[in-house]
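Enquirer: The following file, data_9.txt, comprises compact mmCIF, C-alpha atoms:
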# COMPACT_ATOMS: atom_id res chain seq x y z
CA MET A 974 -41.04 -6.10 -164.57
CA ASN A 975 -44.40 -6.30 -162.75
CA ILE A 976 -44.90 -6.03 -158.98
CA ARG A 977 -45.27 -9.80 -158.44
CA ASN A 978 -41.99 -10.67 -160.17
CA THR A 979 -40.21 -7.87 -158.31
CA LEU A 980 -41.48 -9.27 -155.00
CA LEU A 981 -40.34 -12.79 -155.86
CA LEU A 982 -36.88 -11.52 -156.82
CA THR A 983 -36.63 -9.58 -153.56
CA ILE A 984 -37.58 -12.62 -151.49
CA THR A 985 -35.01 -14.73 -153.35
CA MET A 986 -32.29 -12.14 -152.66
CA ILE A 987 -33.23 -12.04 -148.96
CA TRP A 988 -33.05 -15.84 -148.70
CA SER A 989 -29.71 -15.87 -150.48
CA GLY A 990 -28.41 -13.22 -148.11
CA HIS A 991 -29.25 -15.43 -145.15
CA GLY A 992 -27.52 -18.43 -146.69
CA ILE A 993 -30.71 -20.29 -147.61
CA VAL A 994 -29.50 -21.37 -151.01
CA ALA A 995 -30.50 -24.57 -152.80
CA GLN A 996 -27.77 -27.15 -152.32
CA LYS A 997 -26.67 -28.73 -155.56
CA LEU A 998 -26.58 -32.51 -155.80
CA THR A 999 -25.07 -34.49 -158.66
CA LEU A 1000 -25.51 -38.10 -159.71
CA GLU A 1001 -21.82 -38.72 -159.00
CA ASP A 1002 -22.29 -37.45 -155.44
CA CYS A 1003 -25.20 -39.82 -154.89
CA LEU A 1004 -23.31 -42.81 -156.28
CA ALA A 1005 -20.25 -42.10 -154.12
CA LYS A 1006 -22.28 -41.58 -150.94
CA ALA A 1007 -24.42 -44.67 -151.49
CA GLU A 1008 -21.35 -46.84 -152.02
CA LYS A 1009 -19.58 -45.34 -149.00
CA ILE A 1010 -22.36 -46.12 -146.49
CA SER A 1011 -23.25 -49.50 -147.99
CA PRO A 1012 -22.48 -52.50 -145.75
CA LEU A 1013 -21.10 -54.11 -148.90
CA SER A 1014 -18.19 -51.64 -148.92
CA ARG A 1015 -17.30 -52.64 -145.36
CA GLN A 1016 -17.58 -56.26 -146.45
CA LYS A 1017 -14.91 -55.64 -149.10
CA LEU A 1018 -12.59 -54.32 -146.39
CA HIS A 1019 -13.19 -57.53 -144.43
CA TYR A 1020 -12.12 -59.56 -147.45
CA GLU A 1021 -8.89 -57.56 -147.65
CA THR A 1022 -8.16 -58.44 -144.03
CA LEU A 1023 -9.13 -62.04 -144.68
CA GLU A 1024 -6.71 -62.19 -147.62
CA GLU A 1025 -3.82 -60.98 -145.48
CA LEU A 1026 -4.55 -63.40 -142.62
CA THR A 1027 -5.05 -66.38 -144.93
CA GLN A 1028 -1.78 -65.77 -146.78
CA LYS A 1029 0.09 -65.59 -143.49
CA ASN A 1030 -1.41 -68.89 -142.36
CA VAL A 1031 -0.48 -70.67 -145.59
CA SER A 1032 3.04 -69.20 -145.54
CA ASN A 1033 3.55 -70.56 -142.03
CA ALA A 1034 3.66 -74.07 -143.52
CA TYR A 1035 7.42 -73.50 -144.05
CA LEU A 1036 8.04 -72.57 -140.43
CA PRO A 1037 9.29 -75.34 -138.12
CA ALA A 1038 6.60 -77.20 -136.19
CA PHE A 1039 7.21 -78.05 -132.52
CA TYR A 1040 5.37 -80.78 -130.64
CA ILE A 1041 5.62 -81.89 -127.03
CA ASN A 1042 4.61 -85.54 -126.59
CA GLY A 1043 4.33 -87.42 -123.35
CA GLN A 1044 3.48 -91.00 -122.54
CA ALA A 1045 3.14 -93.06 -119.36
CA SER A 1046 2.28 -96.74 -119.56
CA TYR A 1047 2.37 -100.04 -117.76
CA GLN A 1048 3.14 -103.12 -119.83
CA SER A 1049 2.17 -106.69 -119.08
CA ASP A 1050 5.49 -107.90 -120.37
CA VAL A 1051 8.91 -106.52 -121.30
CA PHE A 1052 12.04 -107.79 -122.98
CA SER A 1053 14.29 -109.77 -120.66
CA PHE A 1054 17.58 -111.64 -120.90
CA PRO A 1055 17.94 -115.29 -119.91
CA ASP A 1056 19.68 -115.91 -116.62
CA ASN A 1057 23.45 -115.81 -116.95
CA PRO A 1058 25.82 -116.49 -114.05
CA LEU A 1059 28.57 -114.43 -115.70
CA PHE A 1060 26.80 -111.05 -115.50
CA GLU A 1061 23.72 -109.54 -114.00
CA SER A 1062 21.10 -108.76 -116.64
CA PRO A 1063 19.35 -105.36 -116.41
CA ILE A 1064 15.69 -105.50 -115.47
CA ILE A 1065 13.54 -103.44 -117.80
CA PRO A 1066 10.67 -101.88 -115.84
CA LYS A 1067 7.11 -102.56 -116.84
CA ASP A 1068 6.09 -99.01 -115.97
CA GLN A 1069 7.59 -96.77 -118.63
CA TYR A 1070 7.65 -93.00 -119.10
CA ARG A 1071 8.61 -90.74 -121.99
CA LEU A 1072 8.57 -86.98 -122.63
CA THR A 1073 9.83 -85.66 -125.98
CA LEU A 1074 10.14 -82.48 -128.03
CA ASP A 1075 9.68 -83.20 -131.74
CA VAL A 1076 10.62 -80.69 -134.46
CA ASN A 1077 9.60 -80.93 -138.15
CA GLN A 1078 11.00 -78.50 -140.71
CA LYS A 1079 9.58 -78.69 -144.21
CA ILE A 1080 12.30 -78.56 -146.86
CA TYR A 1081 10.41 -79.40 -150.04
CA ASP A 1082 6.69 -79.99 -150.63
CA GLY A 1083 6.55 -80.12 -154.43
CA GLY A 1084 5.06 -76.62 -154.72
CA LEU A 1085 2.06 -77.46 -152.51
CA THR A 1086 2.37 -74.36 -150.29
CA LYS A 1087 2.96 -72.05 -153.26
CA ASN A 1088 -0.12 -73.31 -155.07
CA ARG A 1089 -2.23 -73.21 -151.90
CA LYS A 1090 -1.39 -69.50 -151.54
CA VAL A 1091 -2.46 -68.87 -155.13
CA ALA A 1092 -5.67 -70.88 -154.66
CA GLU A 1093 -6.62 -69.11 -151.41
CA SER A 1094 -5.94 -65.72 -152.94
CA ALA A 1095 -8.11 -66.58 -155.95
CA ARG A 1096 -10.91 -67.87 -153.71
CA ILE A 1097 -11.04 -64.70 -151.62
CA MET A 1098 -10.77 -62.53 -154.74
CA THR A 1099 -13.79 -64.37 -156.16
CA GLU A 1100 -15.82 -63.72 -153.01
CA SER A 1101 -14.77 -60.07 -152.97
CA THR A 1102 -15.70 -59.63 -156.64
CA ALA A 1103 -19.15 -61.06 -155.88
CA VAL A 1104 -19.62 -58.05 -153.57
CA GLU A 1105 -18.80 -55.73 -156.50
CA VAL A 1106 -21.65 -57.33 -158.44
CA ASP A 1107 -24.04 -56.32 -155.65
CA LEU A 1108 -22.55 -52.81 -155.56
CA TYR A 1109 -23.18 -52.56 -159.30
CA GLU A 1110 -26.89 -53.18 -158.67
CA ILE A 1111 -26.87 -50.30 -156.17
CA LYS A 1112 -25.50 -47.96 -158.85
CA ALA A 1113 -28.31 -48.91 -161.21
CA THR A 1114 -30.90 -48.23 -158.49
CA ILE A 1115 -29.41 -44.85 -157.55
CA SER A 1116 -29.29 -43.81 -161.20
CA LYS A 1117 -32.98 -44.62 -161.72
CA LEU A 1118 -34.01 -42.76 -158.56
CA PHE A 1119 -31.91 -39.70 -159.43
CA PHE A 1120 -33.23 -39.32 -162.98
CA SER A 1121 -36.84 -39.91 -161.86
CA ALA A 1122 -36.51 -37.17 -159.24
CA LEU A 1123 -34.83 -34.92 -161.79
CA ILE A 1124 -37.74 -35.30 -164.22
CA TYR A 1125 -40.21 -34.26 -161.50
CA GLN A 1126 -37.96 -31.34 -160.55
CA GLU A 1127 -37.88 -30.02 -164.11
CA ASN A 1128 -41.62 -30.59 -164.57
CA ILE A 1129 -42.33 -28.60 -161.41
CA GLN A 1130 -40.17 -25.72 -162.63
CA ILE A 1131 -41.95 -25.64 -166.00
CA LEU A 1132 -45.37 -25.77 -164.33
CA GLN A 1133 -44.36 -23.00 -161.92
CA SER A 1134 -43.27 -20.90 -164.88
CA LEU A 1135 -46.67 -21.53 -166.46
CA LEU A 1136 -48.38 -20.59 -163.20
CA GLY A 1137 -46.50 -17.31 -163.08
CA GLU A 1138 -47.47 -16.59 -166.68
CA LEU A 1139 -51.13 -17.37 -165.92
CA HIS A 1140 -51.12 -15.06 -162.91
CA ASP A 1141 -49.67 -12.24 -165.01
CA GLN A 1142 -52.24 -12.78 -167.74
CA GLN A 1143 -55.08 -13.06 -165.24
CA GLY A 1144 -54.19 -9.59 -164.00
CA ILE A 1145 -54.54 -8.26 -167.54
CA ILE A 1146 -57.85 -10.09 -168.07
CA ASN A 1147 -59.27 -8.87 -164.74
CA ALA A 1148 -58.53 -5.30 -165.79
CA GLN A 1149 -60.36 -5.91 -169.09
CA VAL A 1150 -63.31 -7.46 -167.22
CA GLN A 1151 -63.58 -4.34 -165.04
CA ASN A 1152 -63.51 -2.19 -168.13
CA GLY A 1153 -66.19 -4.33 -169.77
CA ILE A 1154 -63.93 -5.39 -172.61
CA VAL A 1155 -64.25 -9.13 -171.95
CA LEU A 1156 -66.77 -11.23 -170.05
CA LYS A 1157 -66.20 -12.35 -166.45
CA SER A 1158 -66.30 -15.97 -167.63
CA ALA A 1159 -62.87 -15.38 -169.22
CA SER A 1160 -61.43 -14.54 -165.81
CA ASN A 1161 -63.04 -17.65 -164.33
CA THR A 1162 -61.52 -19.77 -167.08
CA PHE A 1163 -58.07 -18.44 -166.17
CA LYS A 1164 -58.77 -19.04 -162.49
CA LYS A 1165 -59.75 -22.63 -163.26
CA GLN A 1166 -56.56 -23.13 -165.26
CA ILE A 1167 -54.51 -21.69 -162.38
CA LEU A 1168 -56.10 -24.11 -159.93
CA SER A 1169 -55.50 -27.01 -162.31
CA THR A 1170 -51.84 -26.05 -162.70
CA GLU A 1171 -51.44 -25.73 -158.93
CA GLN A 1172 -52.93 -29.19 -158.60
CA GLN A 1173 -50.42 -30.59 -161.11
CA ILE A 1174 -47.57 -28.94 -159.22
CA LEU A 1175 -48.78 -30.40 -155.92
CA SER A 1176 -49.04 -33.88 -157.42
CA ALA A 1177 -45.55 -33.64 -158.91
CA GLU A 1178 -44.12 -32.36 -155.61
CA LEU A 1179 -45.61 -35.28 -153.70
CA GLU A 1180 -44.25 -37.77 -156.23
CA GLN A 1181 -40.84 -36.10 -156.09
CA LYS A 1182 -40.89 -36.11 -152.28
CA ALA A 1183 -41.52 -39.87 -152.18
CA ILE A 1184 -38.61 -40.56 -154.55
CA LEU A 1185 -36.27 -38.22 -152.66
CA GLU A 1186 -37.11 -39.94 -149.38
CA ILE A 1187 -36.02 -43.26 -150.88
CA LEU A 1188 -32.89 -41.65 -152.32
CA SER A 1189 -32.09 -40.17 -148.90
CA LYS A 1190 -32.06 -43.64 -147.34
CA TRP A 1191 -29.76 -44.96 -150.04
CA ILE A 1192 -27.15 -42.18 -149.68
CA GLY A 1193 -27.50 -41.65 -145.92
CA GLU A 1194 -28.23 -37.95 -146.28
CA GLU A 1195 -31.42 -35.90 -146.20
CA VAL A 1196 -32.52 -34.89 -149.68
CA ASP A 1197 -35.63 -32.80 -150.32
CA ALA A 1198 -37.01 -30.19 -152.68
CA THR A 1199 -34.45 -27.62 -151.44
CA ASN A 1200 -31.74 -29.68 -153.12
CA GLN A 1201 -31.12 -28.74 -156.72
CA LEU A 1202 -30.48 -31.89 -158.74
CA GLU A 1203 -28.09 -31.16 -161.57
CA LEU A 1204 -28.37 -32.66 -165.03
CA PRO A 1205 -25.18 -34.76 -165.48
CA VAL A 1206 -22.61 -33.64 -168.01
CA MET A 1207 -21.07 -36.37 -170.14
CA GLU A 1208 -17.28 -36.01 -170.36
CA ALA A 1209 -16.47 -39.24 -172.19
CA SER A 1210 -17.86 -40.86 -175.30
CA ILE A 1211 -20.33 -43.64 -174.59
CA TYR A 1212 -19.02 -45.54 -177.63
CA GLU A 1213 -15.35 -45.74 -176.63
CA ASN A 1214 -15.45 -47.60 -173.33
CA ALA A 1215 -14.27 -51.15 -172.79
CA ILE A 1216 -16.71 -53.47 -171.03
CA GLN A 1217 -15.74 -53.77 -167.36
CA ARG A 1218 -18.81 -55.31 -165.80
CA PRO A 1219 -18.21 -56.93 -162.39
CA GLU A 1220 -20.09 -60.04 -163.55
CA ILE A 1221 -17.41 -60.65 -166.17
CA LYS A 1222 -14.66 -59.96 -163.65
CA LEU A 1223 -16.32 -62.44 -161.28
CA LEU A 1224 -16.32 -65.15 -163.94
CA GLU A 1225 -12.67 -64.41 -164.73
CA THR A 1226 -11.69 -64.73 -161.07
CA GLN A 1227 -13.65 -67.98 -160.85
CA ASN A 1228 -11.62 -69.30 -163.78
CA ILE A 1229 -8.39 -68.24 -162.05
CA TYR A 1230 -9.49 -70.07 -158.91
CA LEU A 1231 -10.32 -73.24 -160.85
CA GLU A 1232 -6.97 -73.10 -162.62
CA SER A 1233 -5.18 -72.79 -159.28
CA MET A 1234 -7.09 -75.79 -157.96
CA LYS A 1235 -6.02 -77.79 -161.03
CA ASN A 1236 -2.41 -76.95 -160.28
CA LEU A 1237 -2.93 -77.86 -156.64
CA SER A 1238 -4.23 -81.28 -157.69
CA SER A 1239 -1.15 -81.78 -159.88
CA VAL A 1240 1.32 -81.23 -157.05
CA SER A 1241 -0.60 -83.16 -154.39
CA THR A 1242 1.14 -86.43 -155.32
CA ARG A 1243 4.70 -85.07 -155.47
CA PRO A 1244 7.29 -86.22 -152.88
CA MET A 1245 7.78 -84.18 -149.71
CA LEU A 1246 10.93 -83.83 -147.65
CA TRP A 1247 11.29 -82.75 -144.01
CA ALA A 1248 14.16 -82.28 -141.61
CA VAL A 1249 13.15 -83.92 -138.33
CA ALA A 1250 14.59 -83.94 -134.82
CA GLN A 1251 13.57 -85.31 -131.46
CA ALA A 1252 14.94 -84.82 -127.97
CA GLY A 1253 13.53 -86.21 -124.76
CA ILE A 1254 13.84 -88.03 -121.52
CA GLY A 1255 12.43 -91.41 -120.61
CA GLN A 1256 12.54 -94.57 -118.54
CA PRO A 1257 13.88 -96.73 -120.03
CA ASN A 1258 15.89 -94.87 -122.68
CA ALA A 1259 13.87 -94.91 -125.89
CA TYR A 1260 16.93 -95.80 -127.98
CA ASN A 1261 18.84 -97.89 -125.46
CA PHE A 1262 16.54 -100.04 -123.37
CA LEU A 1263 19.49 -101.28 -121.33
CA GLU A 1264 19.47 -97.87 -119.64
CA THR A 1265 16.58 -98.56 -117.29
CA ASP A 1266 16.79 -95.32 -115.29
CA PHE A 1267 15.58 -91.92 -116.51
CA SER A 1268 17.98 -90.74 -119.21
CA ASP A 1269 17.94 -88.29 -122.12
CA PHE A 1270 18.07 -89.12 -125.81
CA TYR A 1271 17.76 -87.41 -129.21
CA PHE A 1272 17.96 -87.95 -132.93
CA VAL A 1273 18.12 -85.78 -136.09
CA GLY A 1274 17.45 -86.80 -139.65
CA LEU A 1275 15.45 -86.45 -142.85
CA LYS A 1276 11.98 -87.73 -143.64
CA LEU A 1277 10.67 -88.50 -147.12
CA SER A 1278 6.98 -88.94 -147.94
CA TRP A 1279 5.73 -89.89 -151.39
CA GLN A 1280 2.33 -91.26 -152.26
CA LEU A 1281 3.04 -93.54 -155.18
CA PHE A 1282 -0.56 -94.38 -156.06
CA ASP A 1283 -3.68 -92.27 -155.59
CA TYR A 1284 -5.84 -94.48 -157.84
CA GLY A 1285 -6.39 -91.63 -160.32
CA ASN A 1286 -7.94 -89.23 -157.81
CA ALA A 1287 -5.70 -86.28 -158.75
CA LYS A 1288 -6.32 -86.80 -162.47
CA ARG A 1289 -10.09 -86.93 -161.95
CA GLU A 1290 -9.97 -83.78 -159.82
CA LYS A 1291 -8.14 -81.97 -162.61
CA ASN A 1292 -10.79 -83.11 -165.09
CA ILE A 1293 -13.55 -81.88 -162.74
CA TYR A 1294 -11.95 -78.42 -162.52
CA ALA A 1295 -11.44 -78.36 -166.29
CA VAL A 1296 -15.14 -79.10 -166.88
CA ASN A 1297 -16.07 -76.33 -164.44
CA GLN A 1298 -13.79 -73.97 -166.35
CA ASP A 1299 -15.68 -74.79 -169.55
CA ILE A 1300 -18.95 -74.01 -167.77
CA VAL A 1301 -17.57 -70.67 -166.53
CA SER A 1302 -16.30 -69.86 -170.02
CA ASN A 1303 -19.74 -70.52 -171.51
CA LYS A 1304 -21.34 -68.30 -168.86
CA LYS A 1305 -18.89 -65.53 -169.68
CA ASP A 1306 -19.70 -65.74 -173.40
CA PHE A 1307 -23.42 -65.58 -172.59
CA VAL A 1308 -22.99 -62.55 -170.30
CA GLU A 1309 -20.84 -60.71 -172.84
CA ASP A 1310 -23.36 -61.36 -175.62
CA ASN A 1311 -26.17 -60.14 -173.40
CA ILE A 1312 -24.25 -56.97 -172.53
CA HIS A 1313 -23.52 -56.25 -176.19
CA ASN A 1314 -27.21 -56.70 -177.03
CA GLN A 1315 -28.19 -54.32 -174.20
CA LEU A 1316 -25.70 -51.76 -175.49
CA ILE A 1317 -27.06 -52.02 -179.03
CA LYS A 1318 -30.55 -51.36 -177.70
CA GLU A 1319 -29.41 -48.44 -175.52
CA TYR A 1320 -27.36 -46.90 -178.36
CA ALA A 1321 -30.53 -46.98 -180.47
CA GLU A 1322 -32.40 -45.24 -177.64
CA VAL A 1323 -29.73 -42.52 -177.50
CA ASN A 1324 -29.97 -41.93 -181.24
CA LYS A 1325 -33.77 -41.87 -181.11
CA LEU A 1326 -33.90 -39.33 -178.27
CA SER A 1327 -31.28 -37.13 -179.96
CA GLU A 1328 -33.42 -36.92 -183.08
CA LEU A 1329 -36.57 -36.33 -181.03
CA LEU A 1330 -34.90 -33.44 -179.21
CA GLU A 1331 -34.04 -31.74 -182.50
CA LYS A 1332 -37.71 -31.89 -183.48
CA ASP A 1333 -38.78 -30.80 -179.99
CA GLU A 1334 -36.80 -27.57 -180.34
CA GLU A 1335 -38.47 -26.72 -183.64
CA ILE A 1336 -41.96 -27.60 -182.38
CA VAL A 1337 -41.59 -25.59 -179.12
CA ASN A 1338 -40.34 -22.52 -181.02
CA LEU A 1339 -43.30 -22.72 -183.39
CA GLN A 1340 -45.74 -23.17 -180.52
CA ASN A 1341 -44.29 -20.13 -178.72
CA ASP A 1342 -45.17 -18.01 -181.75
CA ILE A 1343 -48.64 -19.58 -181.89
CA VAL A 1344 -49.29 -18.81 -178.19
CA GLU A 1345 -48.17 -15.19 -178.55
CA SER A 1346 -50.47 -14.76 -181.53
CA ALA A 1347 -53.32 -16.53 -179.74
CA PHE A 1348 -53.04 -14.23 -176.69
CA SER A 1349 -53.16 -11.18 -178.92
CA GLN A 1350 -56.23 -12.60 -180.69
CA PHE A 1351 -57.85 -13.38 -177.35
CA ARG A 1352 -57.33 -9.84 -176.04
CA ASN A 1353 -58.87 -8.50 -179.25
CA GLY A 1354 -61.86 -10.85 -178.95
CA VAL A 1355 -61.01 -12.91 -182.01
CA ILE A 1356 -60.82 -16.21 -180.05
CA THR A 1357 -62.15 -17.33 -176.69
CA SER A 1358 -60.16 -17.79 -173.49
CA THR A 1359 -60.66 -21.55 -173.87
CA ASP A 1360 -59.04 -21.47 -177.29
CA TYR A 1361 -56.08 -19.50 -175.96
CA LEU A 1362 -55.62 -21.71 -172.89
CA SER A 1363 -55.71 -24.77 -175.14
CA GLU A 1364 -52.75 -23.40 -177.09
CA LEU A 1365 -51.00 -22.44 -173.85
CA ASN A 1366 -51.49 -25.95 -172.46
CA THR A 1367 -50.09 -27.39 -175.69
CA LYS A 1368 -47.04 -25.17 -175.30
CA THR A 1369 -46.55 -26.35 -171.69
CA GLN A 1370 -46.95 -29.99 -172.68
CA LEU A 1371 -44.43 -29.58 -175.48
CA LYS A 1372 -41.94 -27.97 -173.11
CA LEU A 1373 -42.47 -30.81 -170.65
CA THR A 1374 -41.92 -33.35 -173.40
CA ARG A 1375 -38.74 -31.58 -174.51
CA GLN A 1376 -37.41 -31.52 -170.97
CA ILE A 1377 -38.31 -35.16 -170.40
CA HIS A 1378 -36.54 -36.11 -173.63
CA THR A 1379 -33.48 -34.10 -172.50
CA ILE A 1380 -33.30 -35.98 -169.21
CA GLN A 1381 -34.10 -39.33 -170.82
CA LEU A 1382 -31.27 -38.78 -173.31
CA LYS A 1383 -28.83 -38.13 -170.48
CA GLN A 1384 -30.18 -41.16 -168.63
CA ALA A 1385 -29.77 -43.32 -171.74
CA GLU A 1386 -26.17 -42.14 -172.09
CA TYR A 1387 -25.50 -43.01 -168.47
CA ASN A 1388 -27.24 -46.34 -168.99
CA CYS A 1389 -24.68 -47.06 -171.70
CA LEU A 1390 -21.86 -46.38 -169.25
CA ASN A 1391 -23.59 -48.45 -166.58
CA ILE A 1392 -24.23 -51.39 -168.90
CA ALA A 1393 -20.56 -51.37 -169.87
CA GLY A 1394 -19.59 -51.19 -166.20
CA ASN A 1395 -17.95 -47.76 -166.47
CA LEU A 1396 -20.33 -45.76 -164.26
Please re-express this file's structure in structure tokens.

Expert:
Amino acid sequence: MNIRNTLLLTITMIWSGHGIVAQKLTLEDCLAKAEKISPLSRQKLHYETLEELTQKNVSNAYLPAFYINGQASYQSDVFSFPDNPLFESPIIPKDQYRLTLDVNQKIYDGGLTKNRKVAESARIMTESTAVEVDLYEIKATISKLFFSALIYQENIQILQSLLGELHDQQGIINAQVQNGIVLKSASNTFKKQILSTEQQILSAELEQKAILEILSKWIGEEVDATNQLELPVMEASIYENAIQRPEIKLLETQNIYLESMKNLSSVSTRPMLWAVAQAGIGQPNAYNFLETDFSDFYFVGLKLSWQLFDYGNAKREKNIYAVNQDIVSNKKDFVEDNIHNQLIKEYAEVNKLSELLEKDEEIVNLQNDIVESAFSQFRNGVITSTDYLSELNTKTQLKLTRQIHTIQLKQAEYNCLNIAGNL
């Protein structure tokens, strides 16, 4: 181990001893944090509260309703008896007053309240599921940002490894220049390659920094180059997952809502029965006008209401909801077909990248042997430094390509999960 590598190892150990260790960050962590801080998650909680309050309101339709009614009036004329010498007729006052307490208790409403509860629940569930569709879009965005940053991270590491190798080899070449074995131009060629590699690293770091800044805003946590992004590990097969996209769930809840509205239209014309009661005080008595002074009165009974003709309104409403259900069903078929087509395309991408990676391994191993041979030839003066660096650059590019394919394969696998709605 040369002096430079020993120094780097020592510095790393010192940093680790002081707790300055790269914090690992996974894709799952990013997805969970982004969903947690999203206003959409809080919106889903609001819908849960809304569901509870709405159900209570609808259920209250079976609680008794109390009304206080009052009336004061002056009439131009009132009922009167003809004059009779045998008895004195009561005089009904023209100014009349009444104060009553009316009570209505629903006994039977033909299933109206029950179906209203189902309809309201389906409506709120539809609105809540629409939020899940927006959350799904967030997952897709986070996934793209994470894998883009991961590619830059791996590229930087490969380029830094190349830079270390160039520095080591430059030391060997400088010694040969001093001994007159090789020309000084060889050292300058290495120096130029070092500067070029440093430039590539700087460019990649700036690109990575920009992506990590965006990712930080999405997850509500500072993420920078000190964070070590981990390549996700697939635990489930991408081919054995049922499609659970929120768009499909949204269409299913819309269909449930439309079905509940159809049922609501069916029961809207059924008879309704109430128990009713009234108690009050008035002048004259509301039920005995011969009592002309203030007196109390009451009644109890049943009330029936039945709309015999609605001129086909309920039937047309049911047909309207049925047509809308057909529209929703067609949309669902279209979405499912589109998802299946996307999966077919992404499965093909997975297979392609898997085969490319197998070739990448063979090519990189062959190029490693070529570079070792080229460096030996360069030191012995068989080839120029430019020839050697060309082979070294090819090796670096092949390693970058292999690493990019590795990450792209993992991203394609996660895309399959995301397309199916299982991410």

Enquirer: Tell me, as an MDAnalysis selection string, which residues lie within 12 Å of range 1178-1180 of chain A, counting all atoms listed in the file; anything in the same chain fewer than 4 positions away does not count.

Expert: chainID A and resid 1118 1121:1130 1132:1133 1171:1174 1184:1187 1197:1199

Enquirer: Give me, as a tab-separated table, each residue of range 1067-1113 of chain A that comes within 6 Å of range 1225-1243 of chain A, together with its shortest interatomic pair and the distance in Å at one decimal, counting only C-alpha atoms, with rows ordered by chain and rising residue number.

Expert:
residue	atom	partner	partner_atom	distance
A:Gly1083	CA	A:Arg1243	CA	5.4
A:Leu1085	CA	A:Val1240	CA	5.9
A:Asn1088	CA	A:Leu1237	CA	5.6
A:Ala1092	CA	A:Ser1233	CA	5.0
A:Ala1095	CA	A:Tyr1230	CA	4.8
A:Arg1096	CA	A:Tyr1230	CA	5.8
A:Thr1099	CA	A:Thr1226	CA	5.4

Enquirer: Quote the spacing between CA of Ile1221 in chain A and CA of His1313 in chain A in Å to one decimal place.

Expert: 12.5 Å

Enquirer: As a VMD selection string, please: the residues near Phe1267 in chain A (cut-off 9 Å, all atoms listed in the file, same-chain neighbours under 6 positions excluded).

Expert: chain A and resid 1070 to 1071 1254 to 1258

Enquirer: Could you work out how far CA of Thr1369 in chain A lies from CA of Glu1345 in chain A, giving the answer in Å with one decimal?

Expert: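 Separation of CA of Glu1345 in chain A and CA of Thr1369 in chain A: 13.2 Å.
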
Enquirer: Could you name the residues that touch Asn1042 in chain A at 7 Å or less, counting only C-alpha atoms, but leaving out those on the same chain fewer than 5 positions away, as a list in words?

Expert: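 These residues fall inside the cut-off: Leu1072, Thr1073 and Leu1074 of chain A.
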
Enquirer: Between CA of Arg1015 in chain A and CA of Glu1194 in chain A, what is the distance in Å, rounded to a tenth?

Expert: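 Taking CA of Arg1015 in chain A as the start and CA of Glu1194 in chain A as the end point, the length is 18.3 Å.
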
Enquirer: Smallest atom-to-atom distance to Ser1160 in chain A: which of A:Lys1383, A:Arg1352, A:Lys1372, A:Lys1182, using all atoms listed in the file?

Expert: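 Of A:Lys1383, A:Arg1352, A:Lys1372, A:Lys1182, the one nearest Ser1160 in chain A is A:Arg1352, counting all atoms listed in the file.
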
Enquirer: Excluding Val1273 in chain A and its own-chain neighbours fewer than 3 positions away, which residues fall within 8 Å of it when counting only C-alpha atoms? Please give them as an MDAnalysis selection string.

Expert: chainID A and resid 1248:1251

Enquirer: Out of A:Leu1013, A:His1378, A:Glu1100, A:Ile1300, which residue has the shortest atom-to-atom distance to Leu1330 in chain A when counting all atoms listed in the file?

Expert: A:His1378

Enquirer: Contacts of Phe1348 in chain A at 12 Å or less, counting only C-alpha atoms, minus same-chain residues fewer than 5 places along, as an MDAnalysis selection string?

Expert: chainID A and resid 1138:1139 1142:1143 1145:1146 1341:1343 1353:1365

Enquirer: Using only the atoms of range 1138-1148 of chain A listed in the file, plus 3 Å on each side, state the axis-aligned box centre and edge lengths in Å rounded to one decimal, as JSON.

Expert:
{"center_x": -53.4, "center_y": -11.3, "center_z": -165.5, "size_x": 17.8, "size_y": 18.1, "size_z": 11.2}

Enquirer: So which one's closest to Leu1396 in chain A, A:Asn1214, A:Thr1086, A:Ser1189, A:Asn1033? Using only C-alpha atoms, please.

Expert: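 Of all the options, A:Asn1214 lies closest to Leu1396 in chain A.
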
Enquirer: Residues proximal to (-28.2, -31.2, -153.5) were defined as those with any atom within 12 Å of that point in the file's coordinates, counting only C-alpha atoms. Which are they, as an MDAnalysis selection string?

Expert: chainID A and resid 994:1003 1119 1122:1123 1185 1188:1189 1192 1194:1204

Enquirer: Once you count only C-alpha atoms, which residues end up no further than 7 Å from (-16.9, -54.8, -171.4) in the file's frame, shown as number ranges by chain?

Expert: A: 1215-1218, 1393-1394

Enquirer: A:Asn1077, A:Ser1062, A:Leu1018, A:Leu1281: which is nearest Ala1034 in chain A, counting only C-alpha atoms?

Expert: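 Between A:Asn1077, A:Ser1062, A:Leu1018, A:Leu1281, the residue approaching Ala1034 in chain A most closely is A:Asn1077.
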
Enquirer: Nearest to Val1308 in chain A: which of A:Asp1333, A:Glu1220, A:Glu1061, A:Asp1107 is it, counting only C-alpha atoms?

Expert: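 For Val1308 in chain A, the nearest of the candidates is A:Glu1220.
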